[in-house]
Amino acid sequence: MVAYQGADVLGGREARFSEVFQQGKPVVLNFWAGNCPPCRFEMPSFQKVADKYDGEVVFVGVDVGLFTGLGDHESARQLLEELDIRYPSAYAADASALQQYKVVNMPTTIFFDSQGSVVARRAGIVLEDELGEIVDQLVSGS
């Protein structure tokens, strides 16, 4: 993946997602796209929860707009800026992540424990209350 922002957390401007787990924290991986209305809807909630759990959980947004027909790098950058999204965000360098994580809906969110094991997966919008509950479980379980 190639970072739009948060390269220091991701392991560099160009990084492998697996590097994020070296921090020993739970991870919330959200696949999104710049021209995806449901993604736009949920991202502010993701930022609120990311702020609440800052330092305890790593949030990573991965733009897959080029591979879904839902935007390009410019539309992704505009969305991040417009919504004031500050958690680490990058774009997928190729479509392999879509297959690896079985992304068929937009957005899709994968929740990992601090060892990198998938503990939950949501296809479609994750509302703030549910997101907070899952992240709280991740934190208390790690």
# chains A, B, ... in the order shown; residues from 1 in each chain; ligands from 1
$ residues_around --residues "stretch 96-112 of chain A" --least-positions-apart "3" --cutoff "9 Å" --atoms "only C-alpha atoms" --output "NGL selection string"
:A and (25-33 or 36 or 38-39 or 42 or 64 or 67-68 or 92-93 or 115-126 or 134-135 or 138)
$ residues_around --residues "stretch 12-21 of chain A" --least-positions-apart "6" --cutoff "6 Å" --atoms "only C-alpha atoms" --output "list in words"
Met1, Val2 and Ala3 of chain A
$ select_by_dssp --residues "chain A" --states "strand (DSSP E or B)" --output "PyMOL selection string"
chain A and resi 2-5+14+27-32+58-63+89-91+108-112+118-123
$ atom_distance --atom1 "atom CA of A:Val62" --atom2 "atom CA of A:Ser89"
5.8 Å
$ closest_residue --among "A:Ile85, A:Ala90, A:Leu79, A:Ala95" --to "A:Ser45" --atoms "only C-alpha atoms"
A:Ile85
